[in-house]
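Heads up: the structure comes next, in structure tokens.
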Amino acid sequence: EPVAVPLEPGSAVMFDGLVLHRSAPNTTAAEPRTAVSFVYQVPRPSWTRMEPAVLARP
């Protein structure tokens, strides 16, 4: 279900990049909206990585 998260001017929100999100149109044309995006990727633990299958040799 969608969840509205109203923020005060100057507030920030952080979420996972896989989260579907959007912003409503800016209704304060006299004060433009500024957005800053920081994107980073944390290495996954080795136990989550897919390793190629090793074929047994006769």
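So you can find residues: chains in the structure tokens are A, B, ... in the order shown, residues in each start at 1, and ligands are numbered from 1 in order.
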
Q: Would you kindly return, as a ChimeraX atom specification, each protein, DNA or RNA residue with an atom no farther than 12 Å from any atom of range 22-37 of chain A, considering only C-alpha atoms and excluding same-chain residues fewer than 4 positions away?
A: /A:2-7,9-17
